[in-house]
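Text of the file start-v8.cif, holding mmCIF, C-alpha atoms:
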```cif
data_upload
#
loop_
_atom_site.label_atom_id
_atom_site.label_comp_id
_atom_site.auth_asym_id
_atom_site.auth_seq_id
_atom_site.Cartn_x
_atom_site.Cartn_y
_atom_site.Cartn_z
CA MET A 28 17.18 -32.44 35.39
CA LYS A 29 16.29 -29.01 36.78
CA LYS A 30 19.23 -29.19 39.18
CA LEU A 31 21.60 -30.06 36.32
CA ILE A 32 20.38 -27.11 34.24
CA LEU A 33 20.65 -24.80 37.25
CA ALA A 34 24.17 -26.02 38.03
CA MET A 35 25.28 -25.56 34.41
CA THR A 36 23.76 -22.07 34.31
CA VAL A 37 25.59 -21.08 37.50
CA MET A 38 28.88 -22.48 36.18
CA LEU A 39 28.47 -20.71 32.84
CA THR A 40 27.65 -17.41 34.55
CA MET A 41 30.67 -17.71 36.83
CA GLY A 42 32.89 -18.57 33.87
CA LEU A 43 31.71 -15.61 31.80
CA THR A 44 32.06 -13.29 34.78
CA SER A 45 35.67 -14.35 35.26
CA VAL A 46 36.40 -13.90 31.55
CA TYR A 47 35.11 -10.32 31.63
CA ALA A 48 36.92 -9.66 34.90
CA ASN A 49 40.19 -10.89 33.39
CA LYS A 50 39.72 -8.78 30.27
CA LYS A 51 39.27 -5.70 32.41
CA GLU A 52 42.60 -6.40 34.17
CA GLU A 53 44.42 -6.71 30.85
CA ILE A 54 43.47 -3.21 29.71
CA ASN A 55 46.38 -0.81 29.50
CA LYS A 56 46.41 1.55 32.50
CA GLU A 57 46.91 4.61 30.27
CA VAL A 58 43.88 3.60 28.19
CA ALA A 59 41.75 3.00 31.28
CA ALA A 60 42.78 6.36 32.77
CA SER A 61 42.02 8.20 29.51
CA PHE A 62 38.65 6.49 29.22
CA SER A 63 37.72 7.41 32.81
CA LYS A 64 38.67 11.03 32.10
CA ASP A 65 36.87 11.16 28.70
CA PHE A 66 33.69 9.39 29.83
CA PRO A 67 33.34 9.76 33.61
CA ASN A 68 29.64 8.83 33.57
CA ALA A 69 29.99 5.73 31.39
CA GLN A 70 28.22 2.60 32.55
CA ASN A 71 28.33 -1.09 31.60
CA VAL A 72 31.80 -0.84 30.09
CA VAL A 73 33.08 -3.89 28.19
CA TRP A 74 36.60 -3.90 26.77
CA ASN A 75 37.79 -5.70 23.65
CA GLN A 76 41.46 -5.78 22.77
CA GLN A 77 42.35 -5.62 19.10
CA GLN A 78 45.79 -5.73 17.49
CA GLN A 79 46.28 -1.98 17.14
CA TYR A 80 43.68 -0.50 19.47
CA GLU A 81 41.44 -1.14 22.44
CA GLU A 82 37.67 -0.87 22.11
CA ALA A 83 35.34 0.16 24.90
CA ILE A 84 31.65 -0.56 24.45
CA PHE A 85 29.62 1.34 27.01
CA THR A 86 26.40 3.12 27.80
CA LEU A 87 26.31 6.89 28.20
CA ASN A 88 23.06 8.73 28.87
CA GLY A 89 21.11 5.63 27.86
CA GLN A 90 22.89 5.23 24.52
CA VAL A 91 25.34 2.50 23.53
CA MET A 92 28.63 3.95 22.32
CA PHE A 93 31.98 2.66 21.09
CA ALA A 94 35.33 4.31 21.86
CA TYR A 95 38.63 3.27 20.28
CA TYR A 96 41.96 4.02 21.95
CA SER A 97 45.54 3.64 20.78
CA GLU A 98 47.96 1.79 23.03
CA ASP A 99 49.29 5.08 24.43
CA GLY A 100 45.82 6.02 25.70
CA LYS A 101 44.86 8.49 22.98
CA LEU A 102 41.19 8.50 21.98
CA GLN A 103 41.01 7.79 18.24
CA VAL A 104 37.32 7.44 17.36
CA VAL A 105 33.95 7.51 19.06
CA SER A 106 30.96 5.99 17.28
CA ARG A 107 27.32 5.45 17.99
CA ASN A 108 24.24 4.25 16.18
CA VAL A 109 21.77 7.02 15.43
CA LEU A 110 18.29 7.34 13.98
CA SER A 111 17.93 8.93 10.56
CA ASP A 112 16.11 11.92 12.02
CA HIS A 113 19.36 12.80 13.85
CA LEU A 114 21.20 13.38 10.58
CA PRO A 115 22.05 16.92 9.46
CA VAL A 116 19.08 18.28 7.48
CA LEU A 117 20.86 18.40 4.11
CA LEU A 118 22.00 14.78 4.41
CA LEU A 119 18.48 13.68 5.28
CA VAL A 120 16.98 15.61 2.34
CA ASN A 121 19.62 14.18 0.00
CA LEU A 122 18.93 10.68 1.26
CA LYS A 123 15.17 10.94 0.73
CA LYS A 124 15.60 12.54 -2.69
CA ILE A 125 18.18 10.17 -4.23
CA TYR A 126 17.65 6.92 -2.31
CA SER A 127 13.88 6.91 -1.82
CA ASN A 128 13.55 3.31 -3.11
CA TYR A 129 15.79 1.98 -0.27
CA TRP A 130 15.18 1.44 3.42
CA VAL A 131 17.68 2.22 6.18
CA SER A 132 19.02 -0.87 7.94
CA ASP A 133 21.90 0.73 9.86
CA LEU A 134 23.19 4.24 10.54
CA MET A 135 26.32 5.15 12.46
CA GLU A 136 27.96 8.43 13.41
CA ARG A 137 31.77 8.40 13.85
CA THR A 138 33.68 11.26 15.40
CA SER A 139 37.44 11.71 15.51
CA GLU A 140 39.48 14.84 16.19
CA ASN A 141 36.92 17.51 15.22
CA HIS A 142 35.57 15.54 12.25
CA THR A 143 32.27 13.70 12.06
CA ALA A 144 31.32 11.20 9.37
CA TRP A 145 28.14 9.21 8.89
CA TYR A 146 27.86 5.70 7.48
CA ILE A 147 24.49 4.38 6.41
CA LYS A 148 23.47 0.97 5.12
CA LEU A 149 20.55 1.07 2.70
CA GLU A 150 18.77 -1.93 1.23
CA ASN A 151 16.19 -2.84 -1.36
CA ALA A 152 15.23 -6.19 -2.88
CA TYR A 153 18.25 -6.21 -5.21
CA GLU A 154 21.20 -4.71 -3.36
CA SER A 155 22.66 -3.20 -0.23
CA LEU A 156 24.50 0.09 -0.31
CA ILE A 157 26.85 1.51 2.27
CA LEU A 158 27.10 5.27 1.94
CA LYS A 159 29.53 7.60 3.66
CA SER A 160 29.31 11.32 4.21
CA GLY A 161 32.22 13.32 5.51
CA ASP A 162 30.44 16.62 5.08
CA TYR A 163 27.00 17.85 5.87
CA ASN A 164 25.27 17.74 2.48
CA GLN A 165 26.05 14.73 0.28
CA TRP A 166 26.54 10.97 0.33
CA ASP A 167 29.19 8.94 -1.49
CA VAL A 168 28.81 5.24 -2.27
CA TYR A 169 31.32 3.47 -0.04
CA LYS A 170 30.32 -0.09 -0.99
CA ARG A 171 27.70 -1.78 -3.17
CA ILE A 172 26.62 -5.38 -2.50
CA LYS A 173 24.38 -7.26 -4.94
CA LYS A 174 21.84 -9.63 -3.39
CA GLU A 175 21.40 -13.12 -4.79
#
```

Could you write out this structure as structure tokens?
Amino acid sequence: MKKLILAMTVMLTMGLTSVYANKKEEINKEVAASFSKDFPNAQNVVWNQQQQYEEAIFTLNGQVMFAYYSEDGKLQVVSRNVLSDHLPVLLLVNLKKIYSNYWVSDLMERTSENHTAWYIKLENAYESLILKSGDYNQWDVYKRIKKE
């Protein structure tokens, strides 16, 4: 039984390795060159092809990041998960003042061409809120989801 489990584990590992290796070969050369130039110290890069863009998930300076490229190799968006204490001070104050009865379940920073936006998912017992801020001092409700 142990040999069967070991053999299946080895086969699964080899299969997944070949899938990731094949995905890497399918990446557009312009995109790969742009990524190497933009993030020369990136590690553990995994590529996902989407219909209109290519996504690179990678580690940079110990942090997981996401980069999205157009087919011509132009960097569109970079995003990363952040802790709430990394928000601009006015956004953090606004969050604690207006949404004190919610807890933070997700927070993401997205940067594209000299513009940074933050998306935060807040929850309480009754609903989830997704807020967006495109400036440095206020949140707008992006989506409200009632819990059942």

Gap from atom CA of A:Phe66 to atom CA of A:Leu158 - Å, one decimal: 29.0 Å

Close residues, A:Ala60 itself excluded, 10 Å, all atoms listed in the file, min 5 positions apart in chain, as a PyMOL selection string: chain A and resi 55+65+100

Chain and number of each residue from the PyMOL selection byres ((chain A and resi 134) around 7), as a list in words: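 Applying the PyMOL selection byres ((chain A and resi 134) around 7) to the structure shown produces Asn108, Val109, Leu110, Asp133, Met135, Glu136, Tyr146, Ile147 and Lys148 of chain A.
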
Counting all atoms listed in the file, the option among A:Trp74, A:Tyr153, A:Leu117, A:Trp130 closest to A:Phe62: A:Trp74

Expected selection from the PyMOL selection byres ((chain A and resi 79-87) around 12), given as a PyMOL selection string: chain A and resi 50-51+53-59+61-63+65-78+88-108

One-decimal distance in Å that lies between atom CA of A:Asn121 and atom CA of A:Arg137: 19.3 Å

Close residues, A:Leu156 itself excluded, 9 Å, all atoms listed in the file, min 2 positions apart in chain, as a list in words: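 The residues satisfying every condition are Tyr129, Ile147, Lys148, Leu149, Glu150, Asn151, Glu154, Leu158, Val168, Tyr169, Lys170, Arg171, Ile172 and Lys173 of chain A.
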
d(atom CA of A:Val120, atom CA of A:Ser139) in Å: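 The value is 24.6 Å.
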
Shortest interatomic distance to A:Tyr163 - which of A:Ser111, A:Val116, A:Lys64, A:Val131, counting only C-alpha atoms: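 Ranked by minimum distance to A:Tyr163, first place goes to A:Val116.
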
Selection result for the PyMOL selection byres ((chain A and resi 164) around 12) on this file, as a ChimeraX atom specification: /A:114-122,144-145,159-163,165-167
